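Asks: Before I ask anything, here is the structure I am working with.
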There are 2 protein chains.
Amino acid sequence: MSTPTERVTIKDVAAAAGVSKGAVSLAFNDKPGVSEATRARIFAAARQLGWAPNSSARSLSRQSVDTIGLAICRPARLLGLEPFYMEFISGIESVLAERNCSLLLRLVGSLEEETRLQQSWWRERQIAGSILVDFHQEDPRTGPLRELGLPAVAVGHPTLTGGFPSVWTDDAVAVAEAVRYLAALGHRRIARVGGPAGLGHSAIRAKAFEETMAALGLDGRPHVETGFSGEEGARATRSLLLSADRPTAIVYDNDLMAVAGLGVAAEMGVSVPDELSLLAWDDSQLCRLTHPTLSAMSHDVHGFGAQVTRVLFDVIAGQDVVSRPVATPSLVPRASTAPPRG
Amino acid sequence: MSTPTERVTIKDVAAAAGVSKGAVSLAFNDKPGVSEATRARIFAAARQLGWAPNSSARSLSRQSVDTIGLAICRPARLLGLEPFYMEFISGIESVLAERNCSLLLRLVGSLEEETRLQQSWWRERQIAGSILVDFHQEDPRTGPLRELGLPAVAVGHPTLTGGFPSVWTDDAVAVAEAVRYLAALGHRRIARVGGPAGLGHSAIRAKAFEETMAALGLDGRPHVETGFSGEEGARATRSLLLSADRPTAIVYDNDLMAVAGLGVAAEMGVSVPDELSLLAWDDSQLCRLTHPTLSAMSHDVHGFGAQVTRVLFDVIAGQDVVSRPVATPSLVPRASTAPPRG
DNA sequence: AGCCGCTCATGAACCGGTAAAGCTAGTGAG
DNA sequence: CTCACTAGCTTTACCGGTTCATGAGCGGCT
């Protein structure tokens, strides 16, 4: 194209409309001080010239930006596979869109890298605030980021998020529901394939799992903590199915691992749900595509993202925000769970 | 936190280091004109005050921004499921990270909406350029966006991208390979479950499919064009398997639909690969998790994203860029394809 | 007529950087 | 000893908006 880039500025629009810069600014910001007639002339001129206010100039002058940050710290290959994030992002976007804001996205390799990134974003005034996800126990981000004064909302249970206002799903309750459901079907040997031990919500679910099992008088089966990838889920399932008194039901920490578990069962000739019940977490379309379809703990991830974003805007606006849960994941029984045979 | 927001500016750093604003700017941009000693003092002061240059001010002054745009136009539920995009994005990020740039991401509902979005992004100087994806035949974006002079790289075959420099995978060749492979196994009735007809690459693949079938003297099975969702893939598969002389092999346009197809085959008691061979596109981990594992046309999506981004930077730098293909997807045979029984 | 108050508009100051021109002391050549 | 030159730093003019104090014009009221 090699456009000589005839940069159009507010001055050109002002000249074209026969007014001053100030008038154009007033008109474009819906402020009083310009007559209807002038306003119309200004808009006509702007449209004619294809002008829109330069966002850098605007935010410099206004001392504010309309972008929020999201850094995700997971290996890329994994991210693609977990439907969770894209759906979460789409929830974020739905709120951003109505406020004409944008999302700055970055995939990072470590929590330390994320800390540095958030620091530059905030110090350089690139973002108005951030959504923090994937909290670990003793998360290294909380200290530096709180000190920084970064406006942020955390996704995760308040016990994990080190003072940041947070939005979370009550996983403990959901886990309990899952276990009780399987127990009610008659399962006694229930196993769990969880996410990485360091990850906060994995720990919460693990604890709730053990406690519920104990409360029901069931022995706490070894629950395997692994990664989040399908391959790790497959490996964990394989080892569970090979163990001496193998479980009759397995609860997974995401849907991908559950799909992998189903594959392993098929491969080993273990019939689902006759000999083995499987229960997924984070219900996505994937759970309805397999045969048998997968029972799952389902929740509204899109709405979750939207809610988090709304809270972030409150934080940015300086309101006093209290942490609050969103709807607890609820059980959607499908064909992969049934009473154990025999 | 209610930080009284003690905004630190370059002036404060200059004062602290006992130099002028100009010196600080020079130091921070690695330009000559400041002694090593002074430079050190400046950095010390900046670190002390936790200062980083305000990005709005910087880009206003420099007349440039370090952000690129990506708008994706697909229903959110779908996006989450297609591993493609996240992996593509991670490829983009890998290049952005080394140049200290950011990605502005937006999910939009229609191509018209995307056009408007790109226009504001560019006119407001929020982005230095864009990556355009999912080209349709007679894509409504090309006209307005070319006119706008937006620096952009298109993902898709040059015949689709209306003059934008593009990066693409040679799907026609890949489709031919897929069909020849199945034919070589002995399949005569090969069907195809494609993406939406309007989508450019679906059309290309459809055409290549028909041509290759014809060249091999096989009758062009009705190939179903549908959406990209698993449910649509399932429906399409079901209808193919119920047809009079059902196909012995099916080629899918993504991996999700192939997984769904596998589910349908299981549900209908059709054995894979004995009675039916399935071949996926966009090989992801998903293909290795099912039982049987899915044969797929595999390509390096991460590298694809990285390459596209590199080309975009060339475009932004004003270089004359020629469209070029990246590696053609290649066949990874797994357990879902075999010679037809009987 | 004089004064008030209102609407509509202007101009200059500012936001926080960058860039180019200007200044100053020190240095080496002639 | 002068002069050109350079390294090192300062000064100043922008970049393209927003905001606020100021003022012109005008109708109504006393």
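Identifiers in this document derive from the order of the structure tokens: chains are assigned A, B, ..., residues are numbered from 1 separately in each chain, and ligands are numbered from 1 in order of occurrence.
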From a DSSP pass on the backbone, collect the residues of range 67-212 of chain B flagged as strand (DSSP E) and hand them back as number ranges by chain.
Replies: B: 67-72, 102-107, 129-132, 152-155, 166-169, 190-194
Asks: May I have the residues within 6 Å of range 323-338 of chain B as a list in words, using only C-alpha atoms (C1' of nucleotides) and disregarding those fewer than 5 positions away in the same chain?
Replies: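 Once the nearby chain positions are removed, what remains is Pro165, Ser166, Val167, Trp168, Thr169, Asp170, Ala174, Val272, Pro273, Ser277, Leu278, Pro292, Thr293, Leu294, Ser295, Ala296, Met297, Ser298 and His299 of chain B.
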Asks: Take chain A, superimpose it onto chain B by least squares using every C-alpha atom paired in sequence order, and output the result as a short mmCIF file (atom, residue, chain, number, x, y, z; two decimals) with C-alpha atoms, in the first residue's frame.
Replies:
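Written output follows (selection07.cif):
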```cif
data_model
loop_
_atom_site.label_atom_id
_atom_site.label_comp_id
_atom_site.auth_asym_id
_atom_site.auth_seq_id
_atom_site.Cartn_x
_atom_site.Cartn_y
_atom_site.Cartn_z
CA MET A 1 -5.25 -0.59 48.73
CA SER A 2 -6.52 2.90 48.02
CA THR A 3 -3.04 3.96 47.06
CA PRO A 4 -2.93 7.71 46.71
CA THR A 5 -1.25 6.74 43.45
CA GLU A 6 1.94 8.69 43.67
CA ARG A 7 2.48 8.68 39.95
CA VAL A 8 6.16 8.46 39.24
CA THR A 9 7.22 10.14 36.04
CA ILE A 10 10.42 10.64 34.17
CA LYS A 11 10.77 13.97 35.89
CA ASP A 12 11.00 12.35 39.29
CA VAL A 13 13.61 9.95 38.09
CA ALA A 14 15.55 12.80 36.52
CA ALA A 15 15.41 14.76 39.74
CA ALA A 16 16.48 11.77 41.80
CA ALA A 17 19.43 11.13 39.52
CA GLY A 18 20.26 14.81 39.31
CA VAL A 19 19.89 15.02 35.53
CA SER A 20 17.39 16.27 32.99
CA LYS A 21 14.42 14.40 31.51
CA GLY A 22 16.28 14.08 28.25
CA ALA A 23 19.15 12.25 29.85
CA VAL A 24 16.82 9.71 31.41
CA SER A 25 15.18 9.14 28.07
CA LEU A 26 18.52 8.63 26.38
CA ALA A 27 19.64 6.21 29.04
CA PHE A 28 16.48 4.16 28.86
CA ASN A 29 16.61 3.92 25.12
CA ASP A 30 20.21 2.84 24.93
CA LYS A 31 21.21 5.90 23.02
CA PRO A 32 24.60 7.59 23.15
CA GLY A 33 24.92 10.86 24.96
CA VAL A 34 25.11 9.72 28.58
CA SER A 35 28.20 8.52 30.37
CA GLU A 36 28.30 5.11 31.95
CA ALA A 37 28.34 6.63 35.38
CA THR A 38 25.29 8.77 34.77
CA ARG A 39 23.49 5.92 33.10
CA ALA A 40 24.05 3.82 36.18
CA ARG A 41 22.79 6.57 38.45
CA ILE A 42 19.69 6.92 36.31
CA PHE A 43 18.94 3.23 36.37
CA ALA A 44 19.45 3.14 40.10
CA ALA A 45 17.03 6.00 40.57
CA ALA A 46 14.46 4.38 38.27
CA ARG A 47 14.68 1.07 40.06
CA GLN A 48 14.46 2.83 43.37
CA LEU A 49 11.30 4.64 42.38
CA GLY A 50 9.86 1.70 40.50
CA TRP A 51 9.56 3.69 37.34
CA ALA A 52 8.92 2.48 33.83
CA PRO A 53 8.20 4.77 30.91
CA ASN A 54 4.52 5.45 30.39
CA SER A 55 3.55 3.59 27.29
CA SER A 56 0.91 6.04 26.13
CA ALA A 57 3.31 8.95 26.34
CA ARG A 58 5.94 6.94 24.62
CA SER A 59 3.83 5.87 21.72
CA LEU A 60 2.33 9.30 21.36
CA SER A 61 5.74 10.79 21.09
CA ARG A 62 7.21 8.05 18.96
CA GLN A 63 4.19 7.83 16.74
CA SER A 64 4.18 4.10 16.99
CA VAL A 65 2.65 1.34 19.06
CA ASP A 66 3.81 -2.10 20.02
CA THR A 67 0.58 -3.98 19.93
CA ILE A 68 -0.91 -6.12 17.23
CA GLY A 69 -4.52 -7.14 16.83
CA LEU A 70 -6.29 -10.42 16.39
CA ALA A 71 -10.03 -10.71 16.04
CA ILE A 72 -11.61 -14.12 15.89
CA CYS A 73 -15.06 -14.61 14.56
CA ARG A 74 -16.47 -17.88 15.80
CA PRO A 75 -19.01 -18.74 18.42
CA ALA A 76 -17.24 -18.90 21.75
CA ARG A 77 -18.29 -22.41 22.62
CA LEU A 78 -16.64 -23.63 19.49
CA LEU A 79 -13.47 -21.72 19.99
CA GLY A 80 -12.83 -23.30 23.29
CA LEU A 81 -13.02 -26.68 21.75
CA GLU A 82 -10.81 -26.20 18.81
CA PRO A 83 -7.28 -26.59 20.03
CA PHE A 84 -6.19 -24.80 16.88
CA TYR A 85 -6.61 -21.23 18.04
CA MET A 86 -4.92 -21.38 21.38
CA GLU A 87 -1.97 -23.08 19.83
CA PHE A 88 -1.95 -20.56 17.03
CA ILE A 89 -2.03 -17.76 19.55
CA SER A 90 0.80 -19.29 21.49
CA GLY A 91 2.82 -19.25 18.27
CA ILE A 92 2.02 -15.58 17.82
CA GLU A 93 3.02 -14.86 21.37
CA SER A 94 6.35 -16.55 21.02
CA VAL A 95 7.35 -13.98 18.42
CA LEU A 96 5.73 -11.07 20.22
CA ALA A 97 7.53 -11.89 23.42
CA GLU A 98 10.96 -11.59 21.87
CA ARG A 99 10.06 -8.13 20.57
CA ASN A 100 8.32 -7.01 23.70
CA CYS A 101 5.02 -6.55 21.96
CA SER A 102 1.51 -7.39 23.02
CA LEU A 103 -1.51 -9.02 21.52
CA LEU A 104 -4.88 -7.36 21.54
CA LEU A 105 -7.46 -10.11 21.30
CA ARG A 106 -11.13 -9.78 20.53
CA LEU A 107 -13.83 -12.31 19.82
CA VAL A 108 -16.42 -10.93 17.45
CA GLY A 109 -19.78 -12.12 16.24
CA SER A 110 -19.62 -11.30 12.56
CA LEU A 111 -17.24 -10.26 9.85
CA GLU A 112 -18.91 -6.86 9.67
CA GLU A 113 -18.30 -6.38 13.36
CA GLU A 114 -14.71 -7.37 12.83
CA THR A 115 -14.34 -4.84 10.05
CA ARG A 116 -15.59 -2.08 12.30
CA LEU A 117 -13.32 -3.22 15.08
CA GLN A 118 -10.22 -3.27 12.91
CA GLN A 119 -11.09 0.16 11.62
CA SER A 120 -11.28 1.65 15.08
CA TRP A 121 -8.16 -0.16 16.21
CA TRP A 122 -6.23 1.24 13.31
CA ARG A 123 -7.66 4.74 13.28
CA GLU A 124 -7.20 5.09 16.98
CA ARG A 125 -3.67 3.88 16.51
CA GLN A 126 -4.16 1.11 19.02
CA ILE A 127 -2.41 -1.44 16.88
CA ALA A 128 0.54 -1.50 14.54
CA GLY A 129 -1.09 -4.15 12.40
CA SER A 130 -3.38 -7.15 12.41
CA ILE A 131 -3.53 -10.83 11.70
CA LEU A 132 -6.61 -11.68 9.68
CA VAL A 133 -8.02 -15.18 9.90
CA ASP A 134 -10.90 -17.31 8.65
CA PHE A 135 -11.31 -15.90 5.19
CA HIS A 136 -14.57 -16.48 3.42
CA GLN A 137 -15.14 -16.50 -0.27
CA GLU A 138 -15.95 -12.94 -1.23
CA ASP A 139 -14.86 -11.86 2.20
CA PRO A 140 -16.51 -8.58 3.18
CA ARG A 141 -13.48 -7.46 5.16
CA THR A 142 -10.95 -7.17 2.39
CA GLY A 143 -12.44 -4.15 0.64
CA PRO A 144 -12.78 -1.82 3.62
CA LEU A 145 -9.59 -2.96 5.28
CA ARG A 146 -7.42 -2.59 2.21
CA GLU A 147 -8.86 0.84 1.66
CA LEU A 148 -8.03 1.65 5.24
CA GLY A 149 -4.41 0.84 4.60
CA LEU A 150 -4.25 -1.44 7.62
CA PRO A 151 -0.96 -3.33 7.73
CA ALA A 152 -2.05 -6.91 7.94
CA VAL A 153 -1.17 -10.47 7.15
CA ALA A 154 -3.84 -12.89 6.12
CA VAL A 155 -4.02 -16.52 7.05
CA GLY A 156 -5.31 -18.35 4.03
CA HIS A 157 -4.68 -19.13 0.41
CA PRO A 158 -3.80 -16.02 -1.66
CA THR A 159 -6.83 -16.54 -3.86
CA LEU A 160 -8.97 -15.81 -0.83
CA THR A 161 -7.21 -12.99 0.89
CA GLY A 162 -8.00 -10.21 -1.52
CA GLY A 163 -4.56 -8.74 -1.96
CA PHE A 164 -3.34 -9.01 1.60
CA PRO A 165 -0.01 -10.74 1.89
CA SER A 166 -0.74 -14.17 3.23
CA VAL A 167 0.67 -17.24 4.88
CA TRP A 168 -1.07 -20.53 4.32
CA THR A 169 -0.91 -24.30 4.37
CA ASP A 170 -1.38 -26.03 1.09
CA ASP A 171 -4.57 -27.80 1.96
CA ALA A 172 -5.25 -28.98 -1.57
CA VAL A 173 -2.09 -31.05 -1.60
CA ALA A 174 -2.80 -32.35 1.87
CA VAL A 175 -6.33 -33.37 0.98
CA ALA A 176 -5.01 -35.17 -2.05
CA GLU A 177 -2.54 -37.02 0.13
CA ALA A 178 -5.28 -38.00 2.54
CA VAL A 179 -7.54 -39.33 -0.19
CA ARG A 180 -4.75 -41.19 -1.97
CA TYR A 181 -3.73 -42.79 1.30
CA LEU A 182 -7.23 -44.08 1.95
CA ALA A 183 -7.55 -45.20 -1.66
CA ALA A 184 -4.25 -47.03 -1.38
CA LEU A 185 -5.61 -48.86 1.64
CA GLY A 186 -8.35 -50.08 -0.64
CA HIS A 187 -11.18 -47.71 0.17
CA ARG A 188 -13.51 -46.87 -2.69
CA ARG A 189 -16.30 -45.10 -0.90
CA ILE A 190 -14.69 -42.20 0.87
CA ALA A 191 -16.74 -39.40 2.41
CA ARG A 192 -15.76 -36.03 3.72
CA VAL A 193 -17.23 -34.01 6.57
CA GLY A 194 -16.22 -30.44 5.92
CA GLY A 195 -16.55 -27.09 7.60
CA PRO A 196 -19.03 -24.39 6.64
CA ALA A 197 -19.27 -23.95 2.88
CA GLY A 198 -18.67 -20.21 3.03
CA LEU A 199 -15.31 -20.60 4.70
CA GLY A 200 -12.53 -20.30 2.18
CA HIS A 201 -10.36 -23.17 3.22
CA SER A 202 -13.35 -25.49 3.39
CA ALA A 203 -14.09 -24.69 -0.21
CA ILE A 204 -10.50 -25.33 -1.23
CA ARG A 205 -10.45 -28.65 0.54
CA ALA A 206 -13.82 -29.61 -0.92
CA LYS A 207 -12.64 -28.91 -4.44
CA ALA A 208 -9.39 -30.77 -3.95
CA PHE A 209 -11.31 -33.68 -2.48
CA GLU A 210 -13.60 -33.94 -5.47
CA GLU A 211 -10.80 -33.59 -7.94
CA THR A 212 -8.66 -36.22 -6.31
CA MET A 213 -11.56 -38.61 -6.08
CA ALA A 214 -12.31 -38.06 -9.75
CA ALA A 215 -8.67 -38.52 -10.70
CA LEU A 216 -8.67 -41.85 -8.90
CA GLY A 217 -11.82 -42.88 -10.67
CA LEU A 218 -13.77 -42.95 -7.42
CA ASP A 219 -17.22 -41.53 -7.30
CA GLY A 220 -17.36 -38.25 -5.43
CA ARG A 221 -19.24 -39.29 -2.37
CA PRO A 222 -21.58 -36.68 -1.09
CA HIS A 223 -19.39 -34.70 1.16
CA VAL A 224 -21.30 -33.03 3.87
CA GLU A 225 -20.53 -29.44 4.66
CA THR A 226 -21.46 -28.55 8.15
CA GLY A 227 -20.23 -26.41 11.02
CA PHE A 228 -17.12 -27.10 12.99
CA SER A 229 -18.67 -28.27 16.18
CA GLY A 230 -18.51 -31.77 17.45
CA GLU A 231 -22.27 -32.02 17.45
CA GLU A 232 -22.45 -31.15 13.80
CA GLY A 233 -19.71 -33.65 13.10
CA ALA A 234 -21.69 -36.28 14.97
CA ARG A 235 -24.84 -35.53 13.04
CA ALA A 236 -23.04 -35.65 9.70
CA THR A 237 -21.40 -38.93 10.58
CA ARG A 238 -24.67 -40.45 11.69
CA SER A 239 -26.33 -39.54 8.43
CA LEU A 240 -23.43 -40.91 6.41
CA LEU A 241 -23.48 -44.19 8.27
CA LEU A 242 -27.19 -44.55 7.74
CA SER A 243 -27.01 -44.00 4.00
CA ALA A 244 -27.62 -46.81 1.54
CA ASP A 245 -24.06 -47.68 0.61
CA ARG A 246 -22.27 -46.17 3.49
CA PRO A 247 -18.69 -45.01 3.15
CA THR A 248 -15.84 -47.12 4.44
CA ALA A 249 -13.75 -44.06 5.23
CA ILE A 250 -14.45 -40.51 6.33
CA VAL A 251 -12.15 -37.49 6.24
CA TYR A 252 -12.96 -34.75 8.75
CA ASP A 253 -12.12 -31.07 8.59
CA ASN A 254 -10.93 -30.85 12.17
CA ASP A 255 -10.09 -33.17 15.00
CA LEU A 256 -13.08 -32.44 17.14
CA MET A 257 -15.51 -33.66 14.51
CA ALA A 258 -13.41 -36.77 14.07
CA VAL A 259 -13.66 -37.50 17.78
CA ALA A 260 -17.39 -37.05 17.51
CA GLY A 261 -17.43 -39.39 14.52
CA LEU A 262 -15.65 -42.02 16.56
CA GLY A 263 -18.28 -41.63 19.26
CA VAL A 264 -21.06 -42.10 16.73
CA ALA A 265 -19.43 -45.19 15.26
CA ALA A 266 -19.17 -46.70 18.72
CA GLU A 267 -22.75 -45.82 19.47
CA MET A 268 -23.92 -47.44 16.22
CA GLY A 269 -21.80 -50.51 16.70
CA VAL A 270 -19.67 -49.79 13.66
CA SER A 271 -16.18 -50.97 14.35
CA VAL A 272 -13.26 -48.62 13.71
CA PRO A 273 -11.08 -49.26 11.79
CA ASP A 274 -12.47 -52.63 10.63
CA GLU A 275 -15.67 -51.37 9.14
CA LEU A 276 -14.88 -47.69 9.01
CA SER A 277 -11.70 -45.65 8.77
CA LEU A 278 -11.57 -42.13 10.21
CA LEU A 279 -9.07 -39.44 9.40
CA ALA A 280 -8.87 -36.19 11.35
CA TRP A 281 -7.45 -32.80 10.43
CA ASP A 282 -5.45 -30.54 12.74
CA ASP A 283 -3.77 -33.20 14.75
CA SER A 284 -3.87 -32.40 18.44
CA GLN A 285 -3.37 -34.34 21.61
CA LEU A 286 -7.02 -35.26 21.38
CA CYS A 287 -6.23 -37.63 18.53
CA ARG A 288 -3.90 -39.64 20.74
CA LEU A 289 -6.33 -39.98 23.62
CA THR A 290 -9.18 -41.81 22.02
CA HIS A 291 -9.44 -45.51 21.52
CA PRO A 292 -8.61 -46.30 18.81
CA THR A 293 -6.24 -43.40 18.36
CA LEU A 294 -7.04 -41.19 15.41
CA SER A 295 -5.01 -40.94 12.23
CA ALA A 296 -4.69 -37.30 11.33
CA MET A 297 -3.35 -34.71 8.97
CA SER A 298 -0.90 -33.01 11.22
CA HIS A 299 0.80 -29.67 11.02
CA ASP A 300 2.76 -27.37 13.25
CA VAL A 301 0.16 -24.84 14.31
CA HIS A 302 2.43 -23.13 16.79
CA GLY A 303 5.06 -22.59 14.12
CA PHE A 304 2.35 -21.41 11.77
CA GLY A 305 1.31 -18.68 14.20
CA ALA A 306 4.92 -17.68 14.71
CA GLN A 307 5.57 -17.47 10.99
CA VAL A 308 2.49 -15.36 10.38
CA THR A 309 3.58 -12.97 13.05
CA ARG A 310 7.07 -12.63 11.64
CA VAL A 311 5.61 -11.77 8.28
CA LEU A 312 3.36 -9.21 9.91
CA PHE A 313 6.36 -7.49 11.39
CA ASP A 314 7.90 -7.34 7.93
CA VAL A 315 4.74 -5.75 6.61
CA ILE A 316 4.70 -3.23 9.42
CA ALA A 317 8.34 -2.43 8.72
CA GLY A 318 7.23 -1.54 5.23
CA GLN A 319 9.04 -4.35 3.52
CA ASP A 320 7.68 -5.81 0.36
CA VAL A 321 6.32 -9.12 1.46
CA VAL A 322 5.36 -11.99 -0.77
CA SER A 323 2.76 -14.50 0.21
CA ARG A 324 4.18 -17.86 1.04
CA PRO A 325 3.04 -21.25 2.22
CA VAL A 326 4.27 -22.96 5.35
CA ALA A 327 4.80 -26.70 5.53
CA THR A 328 1.98 -28.78 4.09
CA PRO A 329 0.08 -30.85 6.65
CA SER A 330 1.29 -34.39 6.58
CA LEU A 331 -0.33 -37.66 7.35
CA VAL A 332 0.17 -39.28 10.74
CA PRO A 333 -1.34 -42.75 10.52
CA ARG A 334 -2.65 -44.17 13.75
CA ALA A 335 -5.18 -46.80 14.67
CA SER A 336 -8.31 -45.36 13.10
CA THR A 337 -7.37 -46.14 9.51
CA ALA A 338 -6.96 -49.57 7.97
CA PRO A 339 -7.91 -51.45 4.84
CA PRO A 340 -11.66 -51.97 4.61
CA ARG A 341 -12.84 -55.36 5.74
CA GLY A 342 -13.90 -57.82 3.11
#
```
Asks: Mind listing as number ranges by chain which residues of chain D are within 7 Å of chain A, counting only C-alpha atoms (C1' of nucleotides)?
Replies: D: 16-18
Asks: Grab the residues selected above and save them as an mmCIF file, in the first residue's frame with all heavy atoms.
Replies:
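Heads up, here's the output in selection-v9.cif:
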```cif
data_model
loop_
_atom_site.group_PDB
_atom_site.id
_atom_site.type_symbol
_atom_site.label_atom_id
_atom_site.label_comp_id
_atom_site.auth_asym_id
_atom_site.auth_seq_id
_atom_site.Cartn_x
_atom_site.Cartn_y
_atom_site.Cartn_z
ATOM 1 P P DG D 16 0.186 13.940 15.698
ATOM 2 O OP1 DG D 16 0.034 12.904 14.658
ATOM 3 O OP2 DG D 16 0.338 15.361 15.341
ATOM 4 O "O5'" DG D 16 -1.029 13.836 16.707
ATOM 5 C "C5'" DG D 16 -1.361 12.570 17.263
ATOM 6 C "C4'" DG D 16 -2.396 12.777 18.343
ATOM 7 O "O4'" DG D 16 -1.806 13.529 19.430
ATOM 8 C "C3'" DG D 16 -3.613 13.587 17.898
ATOM 9 O "O3'" DG D 16 -4.752 13.017 18.516
ATOM 10 C "C2'" DG D 16 -3.333 14.960 18.494
ATOM 11 C "C1'" DG D 16 -2.689 14.542 19.803
ATOM 12 N N9 DG D 16 -1.927 15.576 20.458
ATOM 13 C C8 DG D 16 -1.316 16.651 19.892
ATOM 14 N N7 DG D 16 -0.701 17.416 20.754
ATOM 15 C C5 DG D 16 -0.912 16.798 21.973
ATOM 16 C C6 DG D 16 -0.500 17.155 23.276
ATOM 17 O O6 DG D 16 0.178 18.129 23.622
ATOM 18 N N1 DG D 16 -0.932 16.252 24.235
ATOM 19 C C2 DG D 16 -1.688 15.129 23.969
ATOM 20 N N2 DG D 16 -2.021 14.374 25.017
ATOM 21 N N3 DG D 16 -2.096 14.781 22.747
ATOM 22 C C4 DG D 16 -1.671 15.654 21.805
ATOM 23 P P DG D 17 -6.189 13.233 17.838
ATOM 24 O OP1 DG D 17 -6.315 12.254 16.776
ATOM 25 O OP2 DG D 17 -6.367 14.670 17.568
ATOM 26 O "O5'" DG D 17 -7.172 12.810 19.013
ATOM 27 C "C5'" DG D 17 -7.697 13.773 19.895
ATOM 28 C "C4'" DG D 17 -7.194 13.519 21.301
ATOM 29 O "O4'" DG D 17 -5.897 14.129 21.377
ATOM 30 C "C3'" DG D 17 -8.018 14.162 22.383
ATOM 31 O "O3'" DG D 17 -8.920 13.221 22.903
ATOM 32 C "C2'" DG D 17 -6.990 14.538 23.441
ATOM 33 C "C1'" DG D 17 -5.681 14.623 22.675
ATOM 34 N N9 DG D 17 -5.120 15.974 22.538
ATOM 35 C C8 DG D 17 -4.952 16.695 21.378
ATOM 36 N N7 DG D 17 -4.349 17.836 21.568
ATOM 37 C C5 DG D 17 -4.109 17.879 22.929
ATOM 38 C C6 DG D 17 -3.477 18.876 23.718
ATOM 39 O O6 DG D 17 -2.990 19.938 23.351
ATOM 40 N N1 DG D 17 -3.453 18.529 25.071
ATOM 41 C C2 DG D 17 -3.964 17.353 25.586
ATOM 42 N N2 DG D 17 -3.850 17.199 26.902
ATOM 43 N N3 DG D 17 -4.540 16.418 24.865
ATOM 44 C C4 DG D 17 -4.575 16.749 23.552
ATOM 45 P P DT D 18 -10.259 13.726 23.629
ATOM 46 O OP1 DT D 18 -11.051 12.553 24.003
ATOM 47 O OP2 DT D 18 -10.819 14.782 22.781
ATOM 48 O "O5'" DT D 18 -9.712 14.412 24.959
ATOM 49 C "C5'" DT D 18 -9.279 13.599 26.045
ATOM 50 C "C4'" DT D 18 -8.996 14.491 27.248
ATOM 51 O "O4'" DT D 18 -8.058 15.527 26.875
ATOM 52 C "C3'" DT D 18 -10.218 15.194 27.827
ATOM 53 O "O3'" DT D 18 -10.115 15.089 29.230
ATOM 54 C "C2'" DT D 18 -10.063 16.624 27.344
ATOM 55 C "C1'" DT D 18 -8.551 16.775 27.301
ATOM 56 N N1 DT D 18 -7.997 17.783 26.350
ATOM 57 C C2 DT D 18 -7.179 18.772 26.821
ATOM 58 O O2 DT D 18 -6.894 18.886 27.999
ATOM 59 N N3 DT D 18 -6.697 19.619 25.871
ATOM 60 C C4 DT D 18 -6.948 19.578 24.510
ATOM 61 O O4 DT D 18 -6.448 20.403 23.768
ATOM 62 C C5 DT D 18 -7.816 18.520 24.077
ATOM 63 C C7 DT D 18 -8.153 18.382 22.629
ATOM 64 C C6 DT D 18 -8.293 17.679 25.000
#
```
Asks: Using C1' of DT7 in chain C and C1' of DT30 in chain D as the two end points, give the distance in Å to one decimal.
Replies: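 Rounded to one decimal, the two atoms are 22.3 Å apart.
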